[in-house]
>>> print(open('input32.pdb').read())   # PDB, C-alpha atoms
MODEL        1
ATOM      1  CA  MET D 164       0.000   0.000   0.000
ATOM      2  CA  SER D 165       1.316   3.453  -0.874
ATOM      3  CA  GLU D 166       2.000   5.869   1.973
ATOM      4  CA  ILE D 167      -1.006   7.781   3.245
ATOM      5  CA  LYS D 168      -0.412  11.511   3.101
ATOM      6  CA  THR D 169      -3.966  12.865   3.257
ATOM      7  CA  ILE D 170      -6.931  11.581   5.278
ATOM      8  CA  GLY D 171     -10.473  12.699   4.582
ATOM      9  CA  VAL D 172     -13.242  12.575   7.187
ATOM     10  CA  LEU D 173     -17.001  12.946   6.837
ATOM     11  CA  THR D 174     -20.177  12.341   8.831
ATOM     12  CA  SER D 175     -23.143  10.760   7.083
ATOM     13  CA  GLY D 176     -26.754   9.822   7.779
ATOM     14  CA  GLY D 177     -28.468  10.893  10.986
ATOM     15  CA  ASP D 178     -26.428  13.040  13.356
ATOM     16  CA  ALA D 179     -25.461  11.542  16.702
ATOM     17  CA  PRO D 180     -24.033  13.125  19.872
ATOM     18  CA  GLY D 181     -20.329  12.300  20.000
ATOM     19  CA  MET D 182     -19.656  12.661  16.278
ATOM     20  CA  ASN D 183     -17.684  15.822  16.991
ATOM     21  CA  ALA D 184     -15.527  13.955  19.487
ATOM     22  CA  ALA D 185     -14.758  11.368  16.797
ATOM     23  CA  ILE D 186     -13.929  14.086  14.234
ATOM     24  CA  ARG D 187     -11.632  15.751  16.763
ATOM     25  CA  ALA D 188      -9.819  12.490  17.468
ATOM     26  CA  VAL D 189      -9.381  11.708  13.764
ATOM     27  CA  VAL D 190      -7.955  15.149  13.045
ATOM     28  CA  ARG D 191      -5.602  15.386  16.013
ATOM     29  CA  THR D 192      -4.326  11.817  15.693
ATOM     30  CA  ALA D 193      -3.732  12.280  11.968
ATOM     31  CA  VAL D 194      -1.856  15.542  12.574
ATOM     32  CA  GLU D 195       0.242  13.734  15.164
ATOM     33  CA  TYR D 196       1.241  11.304  12.411
ATOM     34  CA  GLY D 197       2.132  14.243  10.193
ATOM     35  CA  LYS D 198      -0.818  13.794   7.826
ATOM     36  CA  ARG D 199      -2.930  16.349   6.018
ATOM     37  CA  VAL D 200      -6.642  16.230   6.937
ATOM     38  CA  VAL D 201      -9.549  17.216   4.708
ATOM     39  CA  GLY D 202     -12.990  17.599   6.300
ATOM     40  CA  ILE D 203     -15.819  16.823   3.870
ATOM     41  CA  LYS D 204     -18.988  18.784   4.622
ATOM     42  CA  LYS D 205     -22.541  17.376   4.307
ATOM     43  CA  GLY D 206     -21.529  13.741   3.967
ATOM     44  CA  TYR D 207     -21.477  12.089   0.559
ATOM     45  CA  SER D 208     -23.386  15.035  -0.893
ATOM     46  CA  GLY D 209     -20.494  17.319   0.028
ATOM     47  CA  LEU D 210     -18.019  14.856  -1.415
ATOM     48  CA  LEU D 211     -19.787  14.918  -4.779
ATOM     49  CA  ASN D 212     -19.978  18.722  -4.712
ATOM     50  CA  TYR D 213     -16.428  19.324  -3.427
ATOM     51  CA  GLU D 214     -17.547  20.995  -0.202
ATOM     52  CA  TYR D 215     -14.561  20.608   2.070
ATOM     53  CA  GLU D 216     -12.130  22.364   4.388
ATOM     54  CA  GLU D 217      -8.550  21.827   5.468
ATOM     55  CA  MET D 218      -8.494  20.798   9.124
ATOM     56  CA  GLY D 219      -5.873  21.063  11.847
ATOM     57  CA  LYS D 220      -5.690  20.843  15.624
ATOM     58  CA  ARG D 221      -7.070  24.356  16.100
ATOM     59  CA  SER D 222     -10.076  23.705  13.843
ATOM     60  CA  VAL D 223     -11.388  21.062  16.261
ATOM     61  CA  SER D 224     -10.800  23.000  19.474
ATOM     62  CA  GLU D 225     -13.692  23.072  21.948
ATOM     63  CA  ILE D 226     -16.010  20.831  19.920
ATOM     64  CA  ILE D 227     -15.880  17.678  22.049
ATOM     65  CA  GLY D 228     -18.872  18.772  24.145
ATOM     66  CA  LYS D 229     -21.037  19.921  21.240
ATOM     67  CA  GLY D 230     -23.912  17.871  19.893
ATOM     68  CA  GLY D 231     -24.528  17.329  16.195
ATOM     69  CA  THR D 232     -21.603  17.458  13.774
ATOM     70  CA  ILE D 233     -19.479  20.448  12.771
ATOM     71  CA  LEU D 234     -19.059  18.869   9.329
ATOM     72  CA  TYR D 235     -22.851  18.711   8.875
ATOM     73  CA  THR D 236     -24.630  15.752   7.354
ATOM     74  CA  ALA D 237     -27.130  15.151   4.582
ATOM     75  CA  ARG D 238     -28.895  12.389   2.693
ATOM     76  CA  CYS D 239     -27.659  11.912  -0.862
ATOM     77  CA  ASP D 240     -29.824  10.016  -3.336
ATOM     78  CA  GLU D 241     -27.259  10.512  -6.094
ATOM     79  CA  PHE D 242     -24.704   8.521  -4.121
ATOM     80  CA  LEU D 243     -27.028   5.516  -4.148
ATOM     81  CA  THR D 244     -26.377   5.196  -7.876
ATOM     82  CA  GLU D 245     -23.324   3.600  -9.499
ATOM     83  CA  GLU D 246     -22.639   6.841 -11.341
ATOM     84  CA  GLY D 247     -22.732   8.811  -8.097
ATOM     85  CA  GLN D 248     -20.360   6.391  -6.396
ATOM     86  CA  GLN D 249     -17.882   6.621  -9.252
ATOM     87  CA  LYS D 250     -18.120  10.405  -9.028
ATOM     88  CA  GLY D 251     -17.363  10.150  -5.286
ATOM     89  CA  ALA D 252     -14.282   7.990  -5.881
ATOM     90  CA  GLU D 253     -13.082  10.474  -8.495
ATOM     91  CA  ALA D 254     -13.601  13.339  -6.033
ATOM     92  CA  CYS D 255     -11.402  11.546  -3.483
ATOM     93  CA  ARG D 256      -8.649  11.233  -6.084
ATOM     94  CA  ASN D 257      -9.007  14.864  -7.181
ATOM     95  CA  LEU D 258      -8.776  16.053  -3.577
ATOM     96  CA  GLY D 259      -5.686  13.927  -3.000
ATOM     97  CA  ILE D 260      -7.429  11.844  -0.345
ATOM     98  CA  ASP D 261      -5.519   8.605   0.243
ATOM     99  CA  ALA D 262      -7.928   7.289   2.893
ATOM    100  CA  LEU D 263     -11.427   8.324   3.930
ATOM    101  CA  VAL D 264     -12.894   8.001   7.442
ATOM    102  CA  VAL D 265     -16.698   7.694   7.364
ATOM    103  CA  ILE D 266     -18.621   8.259  10.614
ATOM    104  CA  GLY D 267     -22.194   6.964  10.377
ATOM    105  CA  GLY D 268     -24.457   3.936  10.459
ATOM    106  CA  ASP D 269     -25.189   0.967   8.219
ATOM    107  CA  GLY D 270     -26.411   3.091   5.314
ATOM    108  CA  SER D 271     -23.244   5.166   5.436
ATOM    109  CA  PHE D 272     -21.156   1.995   5.548
ATOM    110  CA  LYS D 273     -22.828   0.675   2.401
ATOM    111  CA  GLY D 274     -21.641   3.838   0.683
ATOM    112  CA  ALA D 275     -18.188   3.304   2.169
ATOM    113  CA  LYS D 276     -18.122  -0.239   0.818
ATOM    114  CA  ALA D 277     -19.051   1.021  -2.652
ATOM    115  CA  LEU D 278     -16.123   3.459  -2.538
ATOM    116  CA  SER D 279     -13.777   0.705  -1.376
ATOM    117  CA  LYS D 280     -14.697  -1.378  -4.428
ATOM    118  CA  LEU D 281     -13.677   1.621  -6.564
ATOM    119  CA  GLY D 282     -10.220   1.822  -5.049
ATOM    120  CA  VAL D 283     -10.748   4.216  -2.130
ATOM    121  CA  ASN D 284      -9.295   3.077   1.196
ATOM    122  CA  VAL D 285     -12.160   3.599   3.664
ATOM    123  CA  VAL D 286     -12.471   3.159   7.428
ATOM    124  CA  GLY D 287     -15.916   3.285   9.036
ATOM    125  CA  ILE D 288     -16.700   4.462  12.569
ATOM    126  CA  PRO D 289     -20.176   3.491  13.887
ATOM    127  CA  GLY D 290     -22.117   6.653  14.696
ATOM    128  CA  THR D 291     -25.872   6.185  15.173
ATOM    129  CA  ILE D 292     -28.206   6.556  18.129
ATOM    130  CA  ASP D 293     -30.061   3.362  17.157
ATOM    131  CA  LEU D 294     -27.234   0.972  18.234
ATOM    132  CA  ASP D 295     -28.056  -1.150  15.182
ATOM    133  CA  VAL D 296     -24.614  -1.642  13.602
ATOM    134  CA  SER D 297     -24.122  -5.398  13.781
ATOM    135  CA  SER D 298     -20.346  -5.512  14.199
ATOM    136  CA  THR D 299     -20.199  -3.465  17.404
ATOM    137  CA  ASP D 300     -21.626  -3.503  20.928
ATOM    138  CA  TYR D 301     -21.562   0.295  21.034
ATOM    139  CA  THR D 302     -22.372   3.057  18.572
ATOM    140  CA  ILE D 303     -21.576   6.731  19.028
ATOM    141  CA  GLY D 304     -24.621   8.651  20.263
ATOM    142  CA  PHE D 305     -26.674   5.829  21.768
ATOM    143  CA  ASP D 306     -25.743   6.591  25.371
ATOM    144  CA  THR D 307     -26.656  10.267  25.075
ATOM    145  CA  ALA D 308     -29.882   9.551  23.188
ATOM    146  CA  VAL D 309     -31.121   6.951  25.630
ATOM    147  CA  ASN D 310     -30.324   9.178  28.616
ATOM    148  CA  THR D 311     -32.150  12.098  26.972
ATOM    149  CA  ALA D 312     -35.189   9.903  26.377
ATOM    150  CA  MET D 313     -35.039   8.442  29.889
ATOM    151  CA  SER D 314     -35.050  11.911  31.450
ATOM    152  CA  ALA D 315     -38.017  13.006  29.322
ATOM    153  CA  ILE D 316     -39.994   9.862  30.177
ATOM    154  CA  ASP D 317     -39.368  10.387  33.907
ATOM    155  CA  LYS D 318     -41.009  13.806  33.577
ATOM    156  CA  ILE D 319     -43.930  12.441  31.572
ATOM    157  CA  ARG D 320     -44.467   9.751  34.226
ATOM    158  CA  ASP D 321     -44.803  12.433  36.901
ATOM    159  CA  THR D 322     -47.636  14.194  35.096
ATOM    160  CA  SER D 323     -49.166  10.903  33.989
ATOM    161  CA  THR D 324     -49.398   9.857  37.627
ATOM    162  CA  SER D 325     -50.818  13.225  38.691
ATOM    163  CA  HIS D 326     -53.615  12.955  36.136
ATOM    164  CA  GLU D 327     -54.073   9.180  36.498
ATOM    165  CA  ARG D 328     -53.664   8.685  32.768
ATOM    166  CA  CYS D 329     -52.033   6.339  30.309
ATOM    167  CA  SER D 330     -49.107   7.650  28.262
ATOM    168  CA  VAL D 331     -47.886   6.238  24.963
ATOM    169  CA  ILE D 332     -44.334   7.530  24.479
ATOM    170  CA  GLU D 333     -42.676   7.049  21.109
ATOM    171  CA  VAL D 334     -38.882   6.891  20.977
ATOM    172  CA  MET D 335     -36.571   6.597  17.978
ATOM    173  CA  GLY D 336     -35.696   3.294  16.363
ATOM    174  CA  ARG D 337     -37.088   2.516  12.914
ATOM    175  CA  SER D 338     -35.946  -1.081  12.681
ATOM    176  CA  ALA D 339     -34.171  -1.559  16.000
ATOM    177  CA  GLY D 340     -35.757  -1.402  19.442
ATOM    178  CA  TYR D 341     -32.683  -0.775  21.602
ATOM    179  CA  ILE D 342     -33.697   2.728  22.739
ATOM    180  CA  ALA D 343     -37.228   1.537  23.528
ATOM    181  CA  LEU D 344     -35.924  -1.499  25.407
ATOM    182  CA  TRP D 345     -33.412   0.416  27.498
ATOM    183  CA  CYS D 346     -35.912   3.159  28.326
ATOM    184  CA  GLY D 347     -38.561   0.573  29.104
ATOM    185  CA  ILE D 348     -36.283  -1.025  31.684
ATOM    186  CA  ALA D 349     -34.807   2.223  33.028
ATOM    187  CA  ASN D 350     -38.175   4.002  33.301
ATOM    188  CA  GLY D 351     -40.167   1.039  34.606
ATOM    189  CA  ALA D 352     -42.631   1.033  31.724
ATOM    190  CA  GLU D 353     -45.650  -1.232  31.919
ATOM    191  CA  ASP D 354     -45.459  -2.152  28.215
ATOM    192  CA  ILE D 355     -42.542  -2.013  25.749
ATOM    193  CA  LEU D 356     -43.245  -2.315  22.030
ATOM    194  CA  LEU D 357     -40.249  -3.310  19.904
ATOM    195  CA  PRO D 358     -40.093  -3.901  16.138
ATOM    196  CA  GLU D 359     -38.304  -7.181  16.849
ATOM    197  CA  TYR D 360     -41.085  -8.581  19.068
ATOM    198  CA  TYR D 361     -44.378  -6.701  18.805
ATOM    199  CA  ASP D 362     -47.046  -8.838  17.140
ATOM    200  CA  GLY D 363     -49.645  -6.097  16.764
ATOM    201  CA  ASN D 364     -51.858  -7.497  19.545
ATOM    202  CA  GLU D 365     -53.198  -4.212  20.897
ATOM    203  CA  GLN D 366     -55.915  -6.008  22.828
ATOM    204  CA  ALA D 367     -53.241  -7.539  25.075
ATOM    205  CA  ILE D 368     -52.090  -4.028  25.998
ATOM    206  CA  ILE D 369     -55.676  -2.940  26.711
ATOM    207  CA  ASP D 370     -56.242  -5.997  28.901
ATOM    208  CA  HIS D 371     -53.015  -5.237  30.768
ATOM    209  CA  ILE D 372     -54.160  -1.659  31.438
ATOM    210  CA  ILE D 373     -57.540  -2.848  32.739
ATOM    211  CA  ARG D 374     -55.941  -5.454  35.037
ATOM    212  CA  ASN D 375     -53.578  -2.865  36.470
ATOM    213  CA  ARG D 376     -56.470  -0.435  36.955
ATOM    214  CA  HIS D 377     -58.395  -3.037  38.944
ATOM    215  CA  ARG D 378     -55.328  -3.503  41.156
ATOM    216  CA  GLY D 379     -55.339   0.213  41.917
ATOM    217  CA  LYS D 380     -52.553   1.371  39.611
ATOM    218  CA  LYS D 381     -53.018   5.058  38.781
ATOM    219  CA  HIS D 382     -51.024   5.341  35.562
ATOM    220  CA  HIS D 383     -49.697   3.220  32.689
ATOM    221  CA  ILE D 384     -46.578   3.919  30.614
ATOM    222  CA  ILE D 385     -46.163   2.381  27.143
ATOM    223  CA  ILE D 386     -42.823   2.826  25.363
ATOM    224  CA  ASN D 387     -43.370   2.537  21.623
ATOM    225  CA  ALA D 388     -40.516   2.291  19.115
ATOM    226  CA  GLU D 389     -40.627   4.518  16.039
ATOM    227  CA  GLY D 390     -40.605   1.437  13.804
ATOM    228  CA  ILE D 391     -44.060   0.534  15.114
ATOM    229  CA  GLY D 392     -45.295   4.125  15.191
ATOM    230  CA  GLY D 393     -48.921   5.236  15.105
ATOM    231  CA  SER D 394     -48.730   6.396  18.721
ATOM    232  CA  VAL D 395     -51.419   9.073  18.441
ATOM    233  CA  GLU D 396     -53.935   6.664  16.929
ATOM    234  CA  MET D 397     -52.956   3.972  19.405
ATOM    235  CA  ALA D 398     -53.624   6.356  22.294
ATOM    236  CA  GLN D 399     -57.041   7.181  20.893
ATOM    237  CA  ARG D 400     -57.971   3.505  20.584
ATOM    238  CA  ILE D 401     -56.739   2.734  24.109
ATOM    239  CA  GLU D 402     -58.779   5.599  25.590
ATOM    240  CA  ALA D 403     -61.888   4.457  23.722
ATOM    241  CA  ALA D 404     -61.453   0.857  24.906
ATOM    242  CA  THR D 405     -60.507   1.533  28.543
ATOM    243  CA  GLY D 406     -62.128   4.868  29.389
ATOM    244  CA  LEU D 407     -58.737   5.911  30.759
ATOM    245  CA  GLU D 408     -57.471   9.294  29.583
ATOM    246  CA  THR D 409     -54.584   8.488  27.251
ATOM    247  CA  ARG D 410     -52.033  10.819  25.675
ATOM    248  CA  ALA D 411     -49.315  10.232  23.089
ATOM    249  CA  THR D 412     -45.910  11.910  23.227
ATOM    250  CA  ILE D 413     -43.459  11.578  20.354
ATOM    251  CA  LEU D 414     -39.992  12.499  21.586
ATOM    252  CA  GLY D 415     -38.594  12.762  18.054
ATOM    253  CA  TYR D 416     -35.399  14.580  17.169
ATOM    254  CA  MET D 417     -34.698  15.834  20.680
ATOM    255  CA  GLN D 418     -33.070  12.428  21.200
ATOM    256  CA  ARG D 419     -30.380  13.257  18.649
ATOM    257  CA  GLY D 420     -29.417  16.595  20.139
ATOM    258  CA  GLY D 421     -27.635  17.787  23.222
ATOM    259  CA  SER D 422     -24.170  17.634  24.695
ATOM    260  CA  PRO D 423     -22.807  14.056  24.547
ATOM    261  CA  THR D 424     -22.361  12.057  27.721
ATOM    262  CA  CYS D 425     -18.910  11.193  29.052
ATOM    263  CA  ARG D 426     -19.194   7.691  27.590
ATOM    264  CA  ASP D 427     -20.027   9.003  24.130
ATOM    265  CA  ARG D 428     -17.169  11.502  24.262
ATOM    266  CA  VAL D 429     -14.577   8.971  25.409
ATOM    267  CA  TYR D 430     -15.611   6.040  23.211
ATOM    268  CA  ALA D 431     -15.953   8.298  20.160
ATOM    269  CA  SER D 432     -12.463   9.654  20.839
ATOM    270  CA  LEU D 433     -10.995   6.165  21.124
ATOM    271  CA  MET D 434     -12.716   5.024  17.944
ATOM    272  CA  GLY D 435     -11.556   8.083  16.014
ATOM    273  CA  ALA D 436      -7.971   7.596  17.111
ATOM    274  CA  LYS D 437      -8.160   3.873  16.336
ATOM    275  CA  ALA D 438      -9.317   4.613  12.779
ATOM    276  CA  VAL D 439      -6.167   6.656  12.140
ATOM    277  CA  ASP D 440      -3.916   4.106  13.865
ATOM    278  CA  VAL D 441      -5.351   1.369  11.640
ATOM    279  CA  LEU D 442      -4.427   3.431   8.574
ATOM    280  CA  CYS D 443      -1.117   4.970   9.585
ATOM    281  CA  ALA D 444       0.452   2.543  12.059
ATOM    282  CA  GLU D 445      -0.982  -0.785  10.929
ATOM    283  CA  GLY D 446      -1.252  -0.128   7.190
ATOM    284  CA  LYS D 447      -4.678  -1.715   6.864
ATOM    285  CA  GLU D 448      -7.303  -1.046   4.221
ATOM    286  CA  ASN D 449     -11.102  -0.983   4.266
ATOM    287  CA  ARG D 450     -11.910  -1.582   7.931
ATOM    288  CA  ILE D 451     -14.817  -1.000  10.300
ATOM    289  CA  ILE D 452     -13.993   0.166  13.827
ATOM    290  CA  ALA D 453     -15.948  -1.588  16.576
ATOM    291  CA  PHE D 454     -16.274  -1.819  20.337
ATOM    292  CA  GLN D 455     -16.465  -5.468  21.368
ATOM    293  CA  HIS D 456     -15.859  -7.182  24.712
ATOM    294  CA  GLY D 457     -14.678  -3.941  26.310
ATOM    295  CA  GLU D 458     -12.083  -3.152  23.634
ATOM    296  CA  VAL D 459     -11.838  -0.958  20.553
ATOM    297  CA  MET D 460     -10.974  -3.168  17.583
ATOM    298  CA  ASP D 461     -11.318  -3.307  13.814
ATOM    299  CA  TYR D 462     -12.818  -5.732  11.323
ATOM    300  CA  ASP D 463     -12.477  -6.267   7.613
ATOM    301  CA  MET D 464     -15.263  -4.216   6.027
ATOM    302  CA  ASP D 465     -16.871  -7.129   4.163
ATOM    303  CA  GLU D 466     -16.776  -9.284   7.296
ATOM    304  CA  ALA D 467     -18.290  -6.531   9.448
ATOM    305  CA  LEU D 468     -21.114  -5.735   7.043
ATOM    306  CA  ALA D 469     -22.033  -9.419   6.794
ATOM    307  CA  MET D 470     -22.626  -9.660  10.566
ATOM    308  CA  THR D 471     -26.108  -9.609  12.090
ATOM    309  CA  LYS D 472     -27.490  -8.841  15.544
ATOM    310  CA  THR D 473     -30.796  -8.219  17.240
ATOM    311  CA  VAL D 474     -32.199  -7.478  20.689
ATOM    312  CA  SER D 475     -31.384 -10.448  22.893
ATOM    313  CA  ASP D 476     -34.182 -12.702  24.078
ATOM    314  CA  PHE D 477     -32.724 -12.522  27.589
ATOM    315  CA  GLU D 478     -32.921  -8.714  27.760
ATOM    316  CA  TYR D 479     -36.462  -8.677  26.408
ATOM    317  CA  ARG D 480     -37.591 -11.411  28.828
ATOM    318  CA  ILE D 481     -36.136  -9.565  31.805
ATOM    319  CA  ALA D 482     -37.828  -6.351  30.642
ATOM    320  CA  GLN D 483     -41.163  -8.192  30.617
ATOM    321  CA  ILE D 484     -40.570  -9.549  34.135
ATOM    322  CA  LEU D 485     -39.532  -6.205  35.582
TER     323      LEU D 485
ENDMDL
END
>>> encode(input="input32.pdb", output="structure tokens")
Amino acid sequence: MSEIKTIGVLTSGGDAPGMNAAIRAVVRTAVEYGKRVVGIKKGYSGLLNYEYEEMGKRSVSEIIGKGGTILYTARCDEFLTEEGQQKGAEACRNLGIDALVVIGGDGSFKGAKALSKLGVNVVGIPGTIDLDVSSTDYTIGFDTAVNTAMSAIDKIRDTSTSHERCSVIEVMGRSAGYIALWCGIANGAEDILLPEYYDGNEQAIIDHIIRNRHRGKKHHIIINAEGIGGSVEMAQRIEAATGLETRATILGYMQRGGSPTCRDRVYASLMGAKAVDVLCAEGKENRIIAFQHGEVMDYDMDEALAMTKTVSDFEYRIAQIL
């Protein structure tokens, strides 16, 4: 492999708290190795449109505690096409980028894999609040997002108890129920609806509410994952069936924002530094950074993207018991 002189870095897909910490670590570790760093703005869209900036240690000062991403992020339909991917690989060559660090989720990694097949050396860092990247136990942003949601649900529980009502609270997670599961356990929810397990049996939820009401319970909290959705309509049907005042709250994008937790800052920093080490010290190509068994490690990109994972039966069973 030829010597790496310039490293590009971009953030793609949904923003996640801790992305800035990862950017900072990539830039400062690369500079320590004596490399030039190019920050690509607006993800793959910015790559195709040559929106970039030269980055150094000073350009990432005081960003570790900021939410979002200083490089911005955007969806890019053009990059889903073969022509767009070839254009992206050409842009990397024109910008003199010898290796590209992509911070994002599975969708971003599919784009990274496409670039790797076109000769671009790419390293992926898992950044998504959904925790749904199969090759890693941890993704940047999940800890902050789940703590934000937990705090909001605690507050909703207080008013739900005061008014003796049922609350359907929708959290993020289109195809993965990790945020819903963790909040369900942490907030002591009476029902947790996950894309991986929910069978659509709304009558079972209604029966559960009625049983609890007969036992004297004054409120009922239902955590509903975004992938199931329909929380407003669900609340209306529950109120009609039970006579219990029921309200829906959709937490939405507030879960993506805010200053990252200590865990997100530290793990993102370690992953960012590892990405540069993999390129500059170990001379590897086309890797995915992961956190497994308490350690930051890296996998071959094809191997990582072929992995699968889902919410564990044990965790879901314990959530039901508790």
>>> atom_distance(input="input32.pdb", atom1="atom CA of Asp295 of chain D", atom2="atom CA of Thr473 of chain D")
7.9 Å
>>> resolve_selection(input="input32.pdb", expression="the PyMOL selection byres ((chain D and resi 336-351) around 10)", output="NGL selection string")
:D and (292-296 or 305-306 or 308-317 or 320 or 332-335 or 352-360 or 383-392 or 418 or 472-475 or 478-479 or 481-485)
>>> closest_residue(input="input32.pdb", among="D:Leu263, D:Ile288, D:Ala367, D:Val223", to="Tyr301 of chain D", atoms="all atoms listed in the file")
D:Ile288
>>> closest_residue(input="input32.pdb", among="D:Ala188, D:Val265, D:Ala403, D:Leu211", to="Lys437 of chain D", atoms="only C-alpha atoms")
D:Ala188
>>> closest_atom_pairs(input="input32.pdb", of="segment 347-455 of chain D", to="segment 460-466 of chain D", cutoff="12 Å", atoms="only C-alpha atoms", output="JSON lines")
{"residue": "D:Tyr430", "atom": "CA", "partner": "D:Met460", "partner_atom": "CA", "distance": 11.7}
{"residue": "D:Leu433", "atom": "CA", "partner": "D:Met460", "partner_atom": "CA", "distance": 10.0}
{"residue": "D:Met434", "atom": "CA", "partner": "D:Met460", "partner_atom": "CA", "distance": 8.4}
{"residue": "D:Gly435", "atom": "CA", "partner": "D:Met460", "partner_atom": "CA", "distance": 11.4}
{"residue": "D:Ala436", "atom": "CA", "partner": "D:Met460", "partner_atom": "CA", "distance": 11.2}
{"residue": "D:Lys437", "atom": "CA", "partner": "D:Met460", "partner_atom": "CA", "distance": 7.7}
{"residue": "D:Ala438", "atom": "CA", "partner": "D:Asp461", "partner_atom": "CA", "distance": 8.2}
{"residue": "D:Val439", "atom": "CA", "partner": "D:Asp461", "partner_atom": "CA", "distance": 11.3}
{"residue": "D:Asp440", "atom": "CA", "partner": "D:Asp461", "partner_atom": "CA", "distance": 10.5}
{"residue": "D:Val441", "atom": "CA", "partner": "D:Asp461", "partner_atom": "CA", "distance": 7.9}
{"residue": "D:Leu442", "atom": "CA", "partner": "D:Asp461", "partner_atom": "CA", "distance": 11.0}
{"residue": "D:Glu445", "atom": "CA", "partner": "D:Asp461", "partner_atom": "CA", "distance": 11.0}
{"residue": "D:Lys447", "atom": "CA", "partner": "D:Asp463", "partner_atom": "CA", "distance": 9.1}
{"residue": "D:Glu448", "atom": "CA", "partner": "D:Asp463", "partner_atom": "CA", "distance": 8.1}
{"residue": "D:Asn449", "atom": "CA", "partner": "D:Met464", "partner_atom": "CA", "distance": 5.6}
{"residue": "D:Arg450", "atom": "CA", "partner": "D:Met464", "partner_atom": "CA", "distance": 4.7}
{"residue": "D:Ile451", "atom": "CA", "partner": "D:Tyr462", "partner_atom": "CA", "distance": 5.2}
{"residue": "D:Ile452", "atom": "CA", "partner": "D:Asp461", "partner_atom": "CA", "distance": 4.4}
{"residue": "D:Ala453", "atom": "CA", "partner": "D:Met460", "partner_atom": "CA", "distance": 5.3}
{"residue": "D:Phe454", "atom": "CA", "partner": "D:Met460", "partner_atom": "CA", "distance": 6.1}
{"residue": "D:Gln455", "atom": "CA", "partner": "D:Met460", "partner_atom": "CA", "distance": 7.1}
>>> write_last_selection(input="input32.pdb", atoms="C-alpha atoms", output="short mmCIF file (atom, residue, chain, number, x, y, z; two decimals), in the coordinates of the input")
data_model
loop_
_atom_site.label_atom_id
_atom_site.label_comp_id
_atom_site.auth_asym_id
_atom_site.auth_seq_id
_atom_site.Cartn_x
_atom_site.Cartn_y
_atom_site.Cartn_z
CA TYR D 430 -15.61 6.04 23.21
CA LEU D 433 -11.00 6.16 21.12
CA MET D 434 -12.72 5.02 17.94
CA GLY D 435 -11.56 8.08 16.01
CA ALA D 436 -7.97 7.60 17.11
CA LYS D 437 -8.16 3.87 16.34
CA ALA D 438 -9.32 4.61 12.78
CA VAL D 439 -6.17 6.66 12.14
CA ASP D 440 -3.92 4.11 13.86
CA VAL D 441 -5.35 1.37 11.64
CA LEU D 442 -4.43 3.43 8.57
CA GLU D 445 -0.98 -0.78 10.93
CA LYS D 447 -4.68 -1.72 6.86
CA GLU D 448 -7.30 -1.05 4.22
CA ASN D 449 -11.10 -0.98 4.27
CA ARG D 450 -11.91 -1.58 7.93
CA ILE D 451 -14.82 -1.00 10.30
CA ILE D 452 -13.99 0.17 13.83
CA ALA D 453 -15.95 -1.59 16.58
CA PHE D 454 -16.27 -1.82 20.34
CA GLN D 455 -16.46 -5.47 21.37
#
>>> atom_distance(input="input32.pdb", atom1="atom CA of Gly415 of chain D", atom2="atom CA of Thr307 of chain D")
14.1 Å
>>> closest_residue(input="input32.pdb", among="D:Lys381, D:Leu173, D:Gln366, D:Glu253", to="Glu216 of chain D", atoms="only C-alpha atoms")
D:Leu173
>>> closest_residue(input="input32.pdb", among="D:Gly420, D:Pro289, D:Gly393, D:Gly230", to="Gly181 of chain D", atoms="only C-alpha atoms")
D:Gly230
>>> resolve_selection(input="input32.pdb", expression="the PyMOL selection byres ((chain D and resi 203) around 6)", output="list of chain:residue names")
D:Val172, D:Leu173, D:Gly202, D:Lys204, D:Tyr215
>>> closest_residue(input="input32.pdb", among="D:Gly171, D:Val459, D:Ile226, D:Gly287", to="Ala275 of chain D", atoms="only C-alpha atoms")
D:Gly287
>>> closest_residue(input="input32.pdb", among="D:Ser175, D:Thr291, D:Gly197, D:Asn257", to="Thr236 of chain D", atoms="all atoms listed in the file")
D:Ser175
>>> residues_around(input="input32.pdb", residues="Asn183 of chain D", least_positions_apart="5", cutoff="10 Å", atoms="only C-alpha atoms", output="list in words")
Thr174, Asp178, Ala188, Val189, Val223, Glu225, Ile226, Ile227, Gly228, Lys229, Gly230, Gly231, Thr232, Ile233, Leu234, Ile266, Pro423, Arg428, Ala431, Ser432 and Gly435 of chain D
